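Dumped input-v3.cif below, it's mmCIF, C-alpha atoms:
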data_my_file
loop_
_atom_site.label_atom_id
_atom_site.label_comp_id
_atom_site.auth_asym_id
_atom_site.auth_seq_id
_atom_site.Cartn_x
_atom_site.Cartn_y
_atom_site.Cartn_z
CA MET O 104 31.74 127.63 59.91
CA ASN O 105 33.82 124.52 59.13
CA LEU O 106 32.72 121.04 58.05
CA LEU O 107 35.03 118.05 58.43
CA GLU O 108 34.04 115.18 56.13
CA ASN O 109 35.43 112.06 54.44
CA ILE O 110 35.83 110.44 57.86
CA SER O 111 36.08 106.65 57.95
CA GLN O 112 35.12 106.50 61.62
CA LEU O 113 34.56 109.16 64.28
CA ALA O 114 34.68 108.24 67.98
CA THR O 115 32.62 110.73 69.96
CA CYS O 116 33.64 109.27 73.37
CA ARG O 117 30.55 110.67 75.06
CA PRO O 118 30.45 110.14 78.84
CA ASP O 119 27.33 107.97 78.83
CA GLY O 120 27.59 104.21 78.73
CA GLY O 121 30.35 101.97 80.01
CA GLN O 122 34.12 102.12 79.71
CA GLY O 123 34.03 100.61 76.21
CA ASP O 124 31.20 102.75 74.83
CA ILE O 125 32.91 105.31 72.58
CA HIS O 126 29.85 105.87 70.35
CA THR O 127 31.51 105.57 66.95
CA ILE O 128 29.97 106.94 63.77
CA ALA O 129 30.87 105.60 60.33
CA ASP O 130 31.11 108.06 57.41
CA ALA O 131 30.72 110.92 59.86
CA ALA O 132 30.75 114.70 59.62
CA LEU O 133 31.80 117.27 62.21
CA VAL O 134 30.87 120.96 62.18
CA TRP O 135 32.60 123.61 64.26
CA ASP O 136 32.66 127.39 64.46
CA ALA O 137 34.62 129.84 66.61
CA GLY O 138 36.39 126.97 68.35
CA THR O 139 33.21 125.15 69.40
CA ILE O 140 31.56 122.02 67.99
CA ARG O 141 28.13 122.76 66.50
CA TRP O 142 27.08 119.37 65.13
CA VAL O 143 28.36 115.81 64.80
CA GLY O 144 26.75 112.79 63.20
CA PRO O 145 26.46 110.67 60.05
CA ARG O 146 27.28 112.70 56.95
CA ALA O 147 24.00 111.60 55.36
CA GLU O 148 22.11 113.37 58.17
CA LEU O 149 23.94 116.70 57.94
CA PRO O 150 21.42 119.53 58.52
CA SER O 151 20.93 121.79 55.51
CA GLU O 152 22.03 124.83 57.50
CA TYR O 153 25.61 123.52 57.42
CA LEU O 154 25.82 122.68 53.72
CA ALA O 155 27.49 126.01 52.92
CA ALA O 156 30.23 125.55 55.54
CA ARG O 157 33.90 125.52 54.53
CA ARG O 158 34.66 121.89 53.73
CA VAL O 159 37.69 120.15 55.19
CA ASP O 160 38.80 116.71 54.00
CA ALA O 161 39.76 114.17 56.69
CA GLY O 162 41.24 111.94 54.00
CA GLY O 163 39.29 108.87 55.01
CA GLY O 164 40.98 108.85 58.41
CA LEU O 165 39.88 108.15 61.97
CA VAL O 166 38.78 111.17 64.03
CA ILE O 167 39.02 111.10 67.83
CA PRO O 168 38.72 113.71 70.56
CA GLY O 169 42.01 115.40 71.41
CA LEU O 170 43.85 113.08 73.78
CA VAL O 171 44.11 114.06 77.46
CA ASP O 172 47.28 113.05 79.31
CA CYS O 173 46.04 113.32 82.88
CA HIS O 174 49.33 112.49 84.67
CA THR O 175 52.71 113.96 83.73
CA HIS O 176 55.71 115.46 85.51
CA LEU O 177 56.39 117.81 82.61
CA ALA O 178 59.05 120.22 83.89
CA PHE O 179 62.32 118.71 85.07
CA ALA O 180 66.04 118.84 84.31
CA GLY O 181 68.25 115.94 83.34
CA TRP O 182 67.53 112.27 82.74
CA ARG O 183 68.19 109.10 84.72
CA ALA O 184 69.34 106.57 82.11
CA GLU O 185 71.91 105.11 84.50
CA GLU O 186 69.06 104.02 86.81
CA PHE O 187 67.45 102.20 83.90
CA GLU O 188 70.50 99.95 83.72
CA LEU O 189 70.66 99.57 87.51
CA ARG O 190 67.09 98.28 87.55
CA LEU O 191 67.89 95.88 84.71
CA ARG O 192 70.74 94.56 86.86
CA GLY O 193 68.39 93.93 89.77
CA ARG O 194 68.49 97.11 91.88
CA SER O 195 65.08 98.05 93.26
CA TYR O 196 63.35 101.44 93.16
CA PHE O 197 63.84 101.75 96.93
CA GLU O 198 67.55 100.82 96.78
CA ILE O 199 68.23 103.42 94.10
CA ALA O 200 66.36 106.07 96.08
CA ALA O 201 68.21 105.21 99.30
CA ALA O 202 71.53 105.72 97.47
CA GLY O 203 70.57 109.29 96.51
CA GLY O 204 69.04 108.49 93.12
CA GLY O 205 65.44 108.62 92.00
CA ILE O 206 63.37 111.71 92.72
CA ALA O 207 66.14 113.24 94.84
CA ARG O 208 68.55 113.17 91.89
CA THR O 209 66.06 114.91 89.61
CA MET O 210 65.40 117.42 92.40
CA ARG O 211 69.09 118.38 92.48
CA LEU O 212 69.27 118.78 88.71
CA THR O 213 66.01 120.73 88.55
CA ARG O 214 67.03 123.12 91.32
CA ALA O 215 70.22 123.86 89.37
CA ALA O 216 68.30 124.79 86.20
CA SER O 217 66.80 128.20 85.49
CA GLU O 218 63.08 128.69 84.95
CA ASP O 219 63.79 129.71 81.36
CA GLU O 220 65.69 126.47 80.76
CA LEU O 221 62.91 124.40 82.29
CA ALA O 222 60.26 126.23 80.27
CA ALA O 223 62.12 125.81 76.99
CA ARG O 224 62.57 122.09 77.57
CA ALA O 225 58.95 121.55 78.59
CA HIS O 226 57.79 123.58 75.58
CA GLY O 227 59.66 121.16 73.34
CA PHE O 228 58.01 118.17 75.02
CA LEU O 229 54.58 119.75 74.52
CA ARG O 230 55.21 120.25 70.81
CA GLU O 231 56.01 116.57 70.45
CA MET O 232 52.96 115.56 72.49
CA LEU O 233 50.81 117.80 70.31
CA ALA O 234 52.09 115.94 67.26
CA LEU O 235 50.74 112.69 68.78
CA GLY O 236 47.21 114.10 69.04
CA VAL O 237 47.46 115.25 72.67
CA THR O 238 45.58 118.49 73.33
CA THR O 239 45.35 118.61 77.16
CA VAL O 240 48.11 117.82 79.67
CA GLU O 241 48.07 117.70 83.46
CA CYS O 242 51.51 118.85 84.66
CA LYS O 243 52.83 118.31 88.17
CA SER O 244 55.49 120.11 90.13
CA GLY O 245 57.40 117.97 92.62
CA TYR O 246 61.05 118.26 91.58
CA GLY O 247 61.73 121.50 93.44
CA LEU O 248 60.76 120.38 96.96
CA ASP O 249 61.38 123.74 98.57
CA ARG O 250 59.44 126.98 98.56
CA ASP O 251 61.17 128.87 95.74
CA HIS O 252 61.67 125.97 93.33
CA GLU O 253 58.16 124.54 93.72
CA LEU O 254 56.65 127.96 93.07
CA GLY O 255 59.07 128.34 90.18
CA LEU O 256 57.89 125.13 88.52
CA LEU O 257 54.26 126.18 88.81
CA ARG O 258 55.11 129.60 87.34
CA VAL O 259 56.79 127.80 84.44
CA TYR O 260 53.48 126.05 83.78
CA ALA O 261 51.58 129.33 83.97
CA ALA O 262 53.94 130.85 81.39
CA LEU O 263 53.66 127.80 79.14
CA ALA O 264 49.87 127.94 79.27
CA ARG O 265 50.09 131.42 77.74
CA ALA O 266 52.83 130.61 75.22
CA GLN O 267 51.54 127.53 73.40
CA PRO O 268 48.19 125.93 72.48
CA VAL O 269 48.06 122.69 74.53
CA ARG O 270 45.66 123.08 77.46
CA LEU O 271 47.52 122.69 80.77
CA VAL O 272 46.19 121.66 84.18
CA PRO O 273 48.80 122.47 86.88
CA THR O 274 49.09 120.28 89.97
CA PHE O 275 51.13 120.96 93.09
CA LEU O 276 53.17 117.89 94.10
CA GLY O 277 55.36 119.32 96.84
CA ALA O 278 54.60 116.09 98.70
CA HIS O 279 56.53 113.96 96.21
CA VAL O 280 59.15 112.89 98.76
CA VAL O 281 60.67 114.53 101.81
CA PRO O 282 63.79 116.40 100.58
CA PRO O 283 67.18 115.57 102.14
CA GLU O 284 67.39 118.76 104.16
CA TYR O 285 64.19 117.78 106.01
CA ARG O 286 65.00 114.09 106.42
CA ASP O 287 65.09 114.48 110.22
CA ASP O 288 62.22 116.96 110.34
CA ARG O 289 59.22 115.55 108.47
CA ALA O 290 56.86 117.68 110.54
CA GLY O 291 58.78 120.78 109.52
CA TYR O 292 58.47 119.93 105.84
CA LEU O 293 54.74 119.28 106.15
CA SER O 294 54.37 122.64 107.88
CA LEU O 295 56.25 124.29 105.01
CA LEU O 296 53.81 122.73 102.54
CA THR O 297 50.63 123.51 104.47
CA ASP O 298 51.48 126.85 106.07
CA GLU O 299 53.62 128.55 103.39
CA LEU O 300 53.43 126.90 99.99
CA LEU O 301 49.72 126.11 99.76
CA PRO O 302 48.61 129.65 100.73
CA ALA O 303 51.09 131.19 98.25
CA ILE O 304 49.88 128.86 95.48
CA ALA O 305 46.25 129.68 96.22
CA ARG O 306 46.93 133.44 96.22
CA GLU O 307 48.61 133.28 92.81
CA ARG O 308 46.20 130.64 91.48
CA LEU O 309 49.16 128.56 90.35
CA ALA O 310 47.56 125.12 90.70
CA THR O 311 44.20 123.43 90.25
CA TYR O 312 45.05 120.33 92.29
CA CYS O 313 47.27 119.18 95.14
CA ASP O 314 48.80 115.70 94.85
CA VAL O 315 50.55 113.48 97.42
CA PHE O 316 52.72 110.39 96.90
CA VAL O 317 51.44 107.90 99.48
CA GLU O 318 54.14 105.27 99.77
CA ARG O 319 56.58 103.96 102.40
CA SER O 320 59.39 105.94 100.73
CA ALA O 321 57.27 109.10 100.63
CA PHE O 322 54.24 110.05 102.79
CA THR O 323 51.83 108.24 105.10
CA VAL O 324 48.06 108.22 104.80
CA GLU O 325 47.82 110.48 107.85
CA GLU O 326 50.28 113.01 106.39
CA ALA O 327 48.47 112.97 103.05
CA ARG O 328 45.09 113.50 104.70
CA ARG O 329 46.39 116.55 106.56
CA LEU O 330 47.89 118.10 103.44
CA LEU O 331 44.93 117.42 101.16
CA LEU O 332 42.44 118.80 103.68
CA ALA O 333 44.52 121.96 103.94
CA ALA O 334 44.57 122.19 100.15
CA ARG O 335 40.81 121.70 99.97
CA ALA O 336 40.27 124.55 102.42
CA LEU O 337 42.15 126.79 99.98
CA GLY O 338 40.14 125.68 96.95
CA LEU O 339 42.45 123.04 95.44
CA GLY O 340 41.20 119.62 94.40
CA ALA O 341 42.79 116.39 95.60
CA LYS O 342 44.83 113.81 93.70
CA LEU O 343 46.99 110.94 94.95
CA HIS O 344 49.87 108.79 93.80
CA ALA O 345 48.49 105.68 95.47
CA ASP O 346 49.47 102.06 96.08
CA GLN O 347 52.15 101.98 93.39
CA LEU O 348 54.81 99.86 95.08
CA SER O 349 52.90 98.60 98.10
CA ALA O 350 49.33 98.55 99.41
CA GLY O 351 49.38 101.56 101.69
CA GLY O 352 45.74 102.63 101.89
CA GLY O 353 46.03 105.35 99.26
CA ALA O 354 42.99 104.17 97.29
CA GLU O 355 40.88 104.14 100.46
CA LEU O 356 42.02 107.68 101.30
CA ALA O 357 41.17 108.88 97.79
CA ALA O 358 37.64 107.56 98.26
CA GLU O 359 37.34 109.09 101.72
CA LEU O 360 38.32 112.53 100.46
CA GLY O 361 36.42 112.37 97.17
CA ALA O 362 39.61 112.94 95.18
CA ALA O 363 39.41 113.64 91.47
CA SER O 364 41.69 110.67 90.86
CA ALA O 365 44.10 108.21 92.39
CA ASP O 366 46.93 107.14 90.09
CA HIS O 367 49.19 104.06 89.68
CA LEU O 368 47.21 101.59 91.88
CA GLU O 369 49.24 98.51 90.94
CA CYS O 370 49.00 97.26 94.54
CA ALA O 371 45.58 98.59 95.57
CA SER O 372 43.54 96.33 97.83
CA ASP O 373 40.12 94.91 96.99
CA ALA O 374 38.70 97.25 99.63
CA GLY O 375 40.41 100.20 97.97
CA ILE O 376 39.04 99.25 94.56
CA ALA O 377 35.51 98.97 95.93
CA ALA O 378 35.79 102.23 97.87
CA MET O 379 37.04 104.23 94.87
CA ALA O 380 34.40 102.75 92.58
CA GLY O 381 31.69 103.62 95.08
CA ALA O 382 32.99 107.17 95.53
CA GLY O 383 33.33 107.83 91.79
CA VAL O 384 37.08 108.50 91.98
CA VAL O 385 38.82 108.02 88.63
CA ALA O 386 41.46 105.28 88.66
CA VAL O 387 44.41 106.39 86.52
CA SER O 388 46.46 103.57 85.03
CA LEU O 389 50.09 104.29 84.10
CA PRO O 390 51.28 101.25 82.12
CA LEU O 391 54.53 102.87 80.97
CA ALA O 392 55.67 103.17 84.60
CA SER O 393 54.72 99.56 85.27
CA LEU O 394 56.67 98.48 82.18
CA TYR O 395 59.82 100.42 83.10
CA LEU O 396 59.75 99.25 86.72
CA GLY O 397 59.10 95.63 85.76
CA GLN O 398 55.85 95.53 87.74
CA SER O 399 52.55 93.88 87.03
CA PRO O 400 50.31 96.77 85.93
CA ALA O 401 47.14 97.83 87.69
CA PRO O 402 44.47 95.16 87.07
CA ALA O 403 42.26 97.25 84.83
CA ARG O 404 39.69 94.50 84.29
CA ARG O 405 39.08 94.24 88.04
CA TRP O 406 38.65 97.99 88.28
CA ILE O 407 36.23 98.12 85.35
CA GLU O 408 34.22 95.15 86.63
CA ALA O 409 33.99 96.88 90.03
CA GLY O 410 32.36 99.87 88.32
CA ALA O 411 35.32 102.26 88.38
CA ALA O 412 36.17 104.60 85.51
CA VAL O 413 39.74 103.89 84.38
CA ALA O 414 41.85 106.59 82.76
CA VAL O 415 45.15 105.90 80.96
CA ALA O 416 48.07 108.35 81.09
CA THR O 417 51.85 108.35 80.57
CA ASP O 418 53.30 109.43 83.95
CA PHE O 419 55.98 111.14 81.81
CA ASN O 420 59.00 111.67 84.07
CA PRO O 421 62.78 111.14 83.82
CA GLY O 422 62.94 108.03 86.00
CA SER O 423 60.13 105.50 85.89
CA ALA O 424 58.33 106.59 82.70
CA PRO O 425 60.65 108.52 80.36
CA SER O 426 58.14 108.71 77.51
CA TYR O 427 55.29 111.07 76.65
CA HIS O 428 53.95 108.72 73.93
CA LEU O 429 50.33 108.44 75.04
CA PRO O 430 49.21 106.30 72.06
CA PHE O 431 51.90 103.76 73.01
CA ALA O 432 50.60 103.81 76.59
CA LEU O 433 47.14 103.00 75.20
CA THR O 434 48.51 100.04 73.25
CA LEU O 435 50.24 98.84 76.44
CA ALA O 436 46.94 99.16 78.32
CA CYS O 437 45.42 96.83 75.72
CA ILE O 438 48.25 94.28 75.78
CA LEU O 439 49.26 94.31 79.45
CA GLN O 440 45.95 95.18 81.10
CA ARG O 441 43.52 93.49 78.70
CA MET O 442 41.64 96.70 78.01
CA THR O 443 39.94 96.82 74.62
CA PRO O 444 41.01 99.60 72.23
CA ALA O 445 37.69 101.35 72.85
CA GLU O 446 38.15 101.14 76.64
CA ALA O 447 41.68 102.51 76.38
CA LEU O 448 40.61 105.39 74.13
CA LYS O 449 37.77 106.38 76.45
CA GLY O 450 40.34 106.28 79.25
CA ALA O 451 42.47 108.90 77.49
CA THR O 452 39.60 111.16 76.44
CA ILE O 453 36.43 111.78 78.45
CA ILE O 454 37.51 109.78 81.53
CA ALA O 455 40.92 111.49 81.58
CA ALA O 456 39.16 114.84 81.17
CA ARG O 457 37.06 113.98 84.23
CA ALA O 458 40.27 113.22 86.15
CA VAL O 459 41.41 116.82 85.59
CA GLY O 460 38.02 118.49 85.99
CA LEU O 461 37.57 119.44 82.33
CA GLU O 462 34.91 116.95 81.24
CA ALA O 463 32.45 119.79 80.53
CA THR O 464 34.86 121.33 78.02
CA VAL O 465 37.03 118.63 76.40
CA GLY O 466 37.35 114.85 76.09
CA SER O 467 34.43 114.14 73.74
CA LEU O 468 33.13 115.35 70.39
CA GLU O 469 29.74 116.81 71.27
CA PRO O 470 27.96 120.07 70.40
CA GLY O 471 28.93 122.86 72.75
CA LYS O 472 32.36 121.42 73.57
CA ALA O 473 35.72 122.68 72.40
CA ALA O 474 36.68 121.62 68.87
CA ASP O 475 39.73 119.67 70.07
CA PHE O 476 40.31 116.62 67.86
CA ALA O 477 42.93 114.57 66.06
CA ILE O 478 42.81 113.04 62.58
CA LEU O 479 44.62 109.70 62.48
CA ASP O 480 45.96 107.63 59.60
CA ALA O 481 43.85 104.58 60.50
CA PRO O 482 40.45 103.24 59.47
CA ASP O 483 39.18 102.64 63.00
CA VAL O 484 40.15 102.63 66.67
CA GLU O 485 41.06 98.94 66.74
CA HIS O 486 43.51 99.24 63.85
CA TRP O 487 45.08 102.39 65.30
CA LEU O 488 46.05 100.75 68.60
CA TYR O 489 46.84 97.35 67.10
CA HIS O 490 49.28 98.67 64.47
CA LEU O 491 52.12 100.18 66.51
CA ARG O 492 53.75 103.06 64.64
CA ALA O 493 55.94 105.99 65.53
CA ASN O 494 52.95 108.25 65.00
CA ALA O 495 49.66 107.79 63.15
CA CYS O 496 48.48 111.36 63.76
CA ARG O 497 48.05 113.55 60.67
CA THR O 498 46.52 116.66 62.20
CA THR O 499 45.88 117.98 65.71
CA VAL O 500 43.23 120.68 66.18
CA ILE O 501 42.72 122.73 69.35
CA ALA O 502 39.75 125.09 69.68
CA GLY O 503 39.11 124.70 65.97
CA ARG O 504 42.64 125.66 64.92
CA PRO O 505 45.01 123.17 63.27
CA GLU O 506 48.02 123.38 65.59
CA TRP O 507 50.04 120.55 64.05
CA ARG O 508 50.11 118.79 60.68
CA ALA O 509 52.20 115.83 59.55
CA SER O 510 54.21 116.33 56.38
CA ALA O 511 53.03 114.43 53.33
CA ALA O 512 56.23 112.37 53.45
CA LYS O 513 55.24 110.90 56.81
CA SER O 514 51.94 109.46 55.61
CA SER O 515 51.99 105.69 55.31
CA GLY O 516 49.29 105.66 52.67
CA GLU O 517 47.02 103.46 54.78
CA ALA O 518 44.35 106.10 54.35
CA ALA O 519 44.10 108.71 51.66
CA PRO O 520 46.02 111.94 52.33
CA GLY O 521 44.32 115.13 53.35
CA SER O 522 43.79 117.22 56.48
CA PRO O 523 42.64 120.66 57.60
#

Starting from the coordinates I provided, produce the structure as structure tokens.
Amino acid sequence: MNLLENISQLATCRPDGGQGDIHTIADAALVWDAGTIRWVGPRAELPSEYLAARRVDAGGGLVIPGLVDCHTHLAFAGWRAEEFELRLRGRSYFEIAAAGGGIARTMRLTRAASEDELAARAHGFLREMLALGVTTVECKSGYGLDRDHELGLLRVYAALARAQPVRLVPTFLGAHVVPPEYRDDRAGYLSLLTDELLPAIARERLATYCDVFVERSAFTVEEARRLLLAARALGLGAKLHADQLSAGGGAELAAELGAASADHLECASDAGIAAMAGAGVVAVSLPLASLYLGQSPAPARRWIEAGAAVAVATDFNPGSAPSYHLPFALTLACILQRMTPAEALKGATIIAARAVGLEATVGSLEPGKAADFAILDAPDVEHWLYHLRANACRTTVIAGRPEWRASAAKSSGEAAPGSP
């Protein structure tokens, strides 16, 4: 039995209440055993049965649930820094893609890499995400775009799930774009996805979700509906890249199909917002991608006021969001989307957990849930997201085990040192 104390503020992030209700506790205590939370509350109300527990000092820091990054493209080869400059010089996303850049460029580089190379690189990214307080990551395929390489990417994720502590949720994104070899045979590529890849993925249980990029440079609403219904018949949940660069009806389709989430949504229509809110589909905001593409971000206030639950994620990928820094994405959500720090945090904990189907296990600090949490060098949630730093995380715990600790030299001294 373990007892975490000397906590300045603990954000439980329970699912009840609105987007900004994170149910903070001052001078809190947290008890866990065998990887599961047993009790959480004010230290003054600690039940006597836990007084003999092994005491762990949080050093006066902020304690939050382990962060959930519910949208990443984790495994890929190469980078696309040259496209960063092209966009700065005025080239559009569509122009770069039409010239052979964008997703197609990463596809070529990824196909040329071995699974071992991809796994080693992704493993390194996960270690750095862990150091930021991230304990759960949704990871998409989508840079193979043929049978062998898409299956290979998903097998990389299966191997990584066994090899390191961060919880992974694999998503099949074969419908990222139509690959060049099928440019004149879209129907053939869709048949490959529905008739060959999806059954193979289901047999090997390689993915939890199927995702589709609904956009004029990618797939139509009708194509996405066909693919996602085929995936549902095989037991996979639905996700969508929707309305990122144009209003294409992706949000409405997500509502129609009862998808777990629709992501991006910068250009979603009022009807799409209302439909998703009514259907309970999580709206995933990706402010890093909006920043890098020079777009106005998804109007989070409109989504929240419509009654939708808004998650915040990184969209980590080599082109439009080359950063896995989820705390920075949360600060951007505050500044660019006018979300409060509490709303942003709830969007990267229990709401993000709901977007990947794990809300019963992770995303909040409640008895019976996994003891996944981070100890931050900050007095409260507002200060953490207001004061932009390379990393405020001192300790990351997954299933009750400290999986990462900051060195003493990295502490800023804003809160007293100490961690599990």

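You can rank O:Ala455, O:Val240, O:Ala202, O:Ile110 by their closest distance to Tyr427 of chain O using all atoms listed in the file, and at the top of that list sits O:Val240.
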
Taking 5 positions as the minimum chain separation for residues in the same chain, which residues sit within 8 Å of Val315 of chain O when counting only C-alpha atoms? Answer as an mmCIF file with C-alpha atoms, in the coordinates of the input.
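Output file around_39.cif is given in full below:
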data_model
loop_
_atom_site.group_PDB
_atom_site.id
_atom_site.type_symbol
_atom_site.label_atom_id
_atom_site.label_comp_id
_atom_site.auth_asym_id
_atom_site.auth_seq_id
_atom_site.Cartn_x
_atom_site.Cartn_y
_atom_site.Cartn_z
ATOM 1 C CA LEU O 276 53.170 117.890 94.100
ATOM 2 C CA GLY O 277 55.360 119.320 96.840
ATOM 3 C CA ALA O 278 54.600 116.090 98.700
ATOM 4 C CA HIS O 279 56.530 113.960 96.210
ATOM 5 C CA PHE O 322 54.240 110.050 102.790
ATOM 6 C CA ALA O 327 48.470 112.970 103.050
ATOM 7 C CA LEU O 331 44.930 117.420 101.160
ATOM 8 C CA LYS O 342 44.830 113.810 93.700
ATOM 9 C CA LEU O 343 46.990 110.940 94.950
ATOM 10 C CA HIS O 344 49.870 108.790 93.800
#

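Atom pair atom CA of Gly383 of chain O / atom CA of Ala363 of chain O has a distance of 8.4 Å (rounded to one decimal).
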
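The gap separating atom CA of Arg457 of chain O from atom CA of Ser393 of chain O is 22.8 Å, in Å to one decimal.
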
- Message: Could you tell me how far atom CA of Ala358 of chain O sits from atom CA of Gly375 of chain O, in Å to one decimal place?
- Response: 7.9 Å

Give me, as CSV, the closest atom pair and its distance (Å, one decimal) for every residue of segment 157-215 of chain O within a cut-off of 10 Å of segment 491-497 of chain O, counting only C-alpha atoms, rows sorted by chain and rising number.
residue,atom,partner,partner_atom,distance
O:Ala161,CA,O:Arg497,CA,9.2
O:Gly162,CA,O:Arg497,CA,9.7
O:Gly164,CA,O:Arg497,CA,8.8
O:Leu165,CA,O:Cys496,CA,9.4
O:Val166,CA,O:Cys496,CA,9.7

Tell me which protein, DNA and RNA residues are within 9 Å of Leu113 of chain O, counting all atoms listed in the file, leaving out same-chain ones fewer than 3 positions away, and put them as a PDB file with C-alpha atoms, in the coordinates of the input.
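Full text of part.pdb as output:
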ATOM      1  CA  ILE O 110      35.830 110.440  57.860  1.00  0.00           C
ATOM      2  CA  HIS O 126      29.850 105.870  70.350  1.00  0.00           C
ATOM      3  CA  THR O 127      31.510 105.570  66.950  1.00  0.00           C
ATOM      4  CA  ILE O 128      29.970 106.940  63.770  1.00  0.00           C
ATOM      5  CA  ALA O 129      30.870 105.600  60.330  1.00  0.00           C
ATOM      6  CA  ASP O 130      31.110 108.060  57.410  1.00  0.00           C
ATOM      7  CA  ALA O 131      30.720 110.920  59.860  1.00  0.00           C
ATOM      8  CA  ALA O 132      30.750 114.700  59.620  1.00  0.00           C
ATOM      9  CA  LEU O 133      31.800 117.270  62.210  1.00  0.00           C
ATOM     10  CA  GLY O 144      26.750 112.790  63.200  1.00  0.00           C
ATOM     11  CA  GLY O 164      40.980 108.850  58.410  1.00  0.00           C
ATOM     12  CA  LEU O 165      39.880 108.150  61.970  1.00  0.00           C
ATOM     13  CA  VAL O 166      38.780 111.170  64.030  1.00  0.00           C
ATOM     14  CA  ILE O 167      39.020 111.100  67.830  1.00  0.00           C
ATOM     15  CA  PRO O 168      38.720 113.710  70.560  1.00  0.00           C
ATOM     16  CA  LEU O 468      33.130 115.350  70.390  1.00  0.00           C
ATOM     17  CA  ASP O 483      39.180 102.640  63.000  1.00  0.00           C
ATOM     18  CA  VAL O 484      40.150 102.630  66.670  1.00  0.00           C
TER      19      VAL O 484
END

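Nearest residue to Ile501 of chain O, choosing from O:Ala392, O:Ile478, O:Ala463, O:Val317 and counting all atoms listed in the file: O:Ile478.
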
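Between Arg224 of chain O and the residues O:Met379, O:Ala201, O:Leu309, O:Ala180, the shortest atom-to-atom distance, using only C-alpha atoms, involves O:Ala180.
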
Expand the PyMOL selection byres ((chain O and resi 307) around 12) into the individual residues it matches in the shown file, reporting them as a CSV table (one decimal) with C-alpha atoms, keeping the file's coordinate frame.
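To be explicit, this is the file written out as result-v6.csv:
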chain,number,residue,atom,x,y,z
O,254,LEU,CA,56.6,128.0,93.1
O,255,GLY,CA,59.1,128.3,90.2
O,257,LEU,CA,54.3,126.2,88.8
O,258,ARG,CA,55.1,129.6,87.3
O,261,ALA,CA,51.6,129.3,84.0
O,300,LEU,CA,53.4,126.9,100.0
O,301,LEU,CA,49.7,126.1,99.8
O,302,PRO,CA,48.6,129.6,100.7
O,303,ALA,CA,51.1,131.2,98.2
O,304,ILE,CA,49.9,128.9,95.5
O,305,ALA,CA,46.2,129.7,96.2
O,306,ARG,CA,46.9,133.4,96.2
O,308,ARG,CA,46.2,130.6,91.5
O,309,LEU,CA,49.2,128.6,90.4
O,310,ALA,CA,47.6,125.1,90.7
O,311,THR,CA,44.2,123.4,90.2
O,337,LEU,CA,42.2,126.8,100.0

Run the PyMOL selection byres ((chain O and resi 140) around 12) against the file shown and list the residues it catches, as a CSV table (one decimal) with C-alpha atoms, in the frame of the given file.
chain,number,residue,atom,x,y,z
O,104,MET,CA,31.7,127.6,59.9
O,105,ASN,CA,33.8,124.5,59.1
O,106,LEU,CA,32.7,121.0,58.0
O,107,LEU,CA,35.0,118.0,58.4
O,115,THR,CA,32.6,110.7,70.0
O,132,ALA,CA,30.8,114.7,59.6
O,133,LEU,CA,31.8,117.3,62.2
O,134,VAL,CA,30.9,121.0,62.2
O,135,TRP,CA,32.6,123.6,64.3
O,136,ASP,CA,32.7,127.4,64.5
O,137,ALA,CA,34.6,129.8,66.6
O,138,GLY,CA,36.4,127.0,68.4
O,139,THR,CA,33.2,125.2,69.4
O,141,ARG,CA,28.1,122.8,66.5
O,142,TRP,CA,27.1,119.4,65.1
O,143,VAL,CA,28.4,115.8,64.8
O,144,GLY,CA,26.8,112.8,63.2
O,168,PRO,CA,38.7,113.7,70.6
O,464,THR,CA,34.9,121.3,78.0
O,465,VAL,CA,37.0,118.6,76.4
O,467,SER,CA,34.4,114.1,73.7
O,468,LEU,CA,33.1,115.4,70.4
O,469,GLU,CA,29.7,116.8,71.3
O,470,PRO,CA,28.0,120.1,70.4
O,471,GLY,CA,28.9,122.9,72.8
O,472,LYS,CA,32.4,121.4,73.6
O,473,ALA,CA,35.7,122.7,72.4
O,474,ALA,CA,36.7,121.6,68.9
O,475,ASP,CA,39.7,119.7,70.1
O,476,PHE,CA,40.3,116.6,67.9
O,500,VAL,CA,43.2,120.7,66.2
O,501,ILE,CA,42.7,122.7,69.4
O,502,ALA,CA,39.8,125.1,69.7
O,503,GLY,CA,39.1,124.7,66.0

- Pick from O:Pro400, O:Arg146, O:Leu479, O:Ala207, whichever lies nearest to Arg286 of chain O using all atoms listed in the file: O:Ala207

- Item | Reference answer for the PyMOL selection byres ((chain O and resi 246-249) around 12), as a PyMOL selection string | chain O and resi 176-181+205-218+221+242-245+250-257+275-285+291-296+299-301+420-422

- Any idea what's packed within 10 Å of Glu241 of chain O, counting only C-alpha atoms, ignoring anything in its chain fewer than 6 positions away? Could you give it as an MDAnalysis selection string? chainID O and resid 171:177 260 270:274 311:312 416 418 455:456 458:459

Six-sided padding of 5 Å per side, axis-aligned box over segment 299-311 of chain O, centre and edges in Å, one decimal, as AutoDock Vina command-line options:
--center_x 48.9 --center_y 128.4 --center_z 96.8 --size_x 19.4 --size_y 20.0 --size_z 23.1
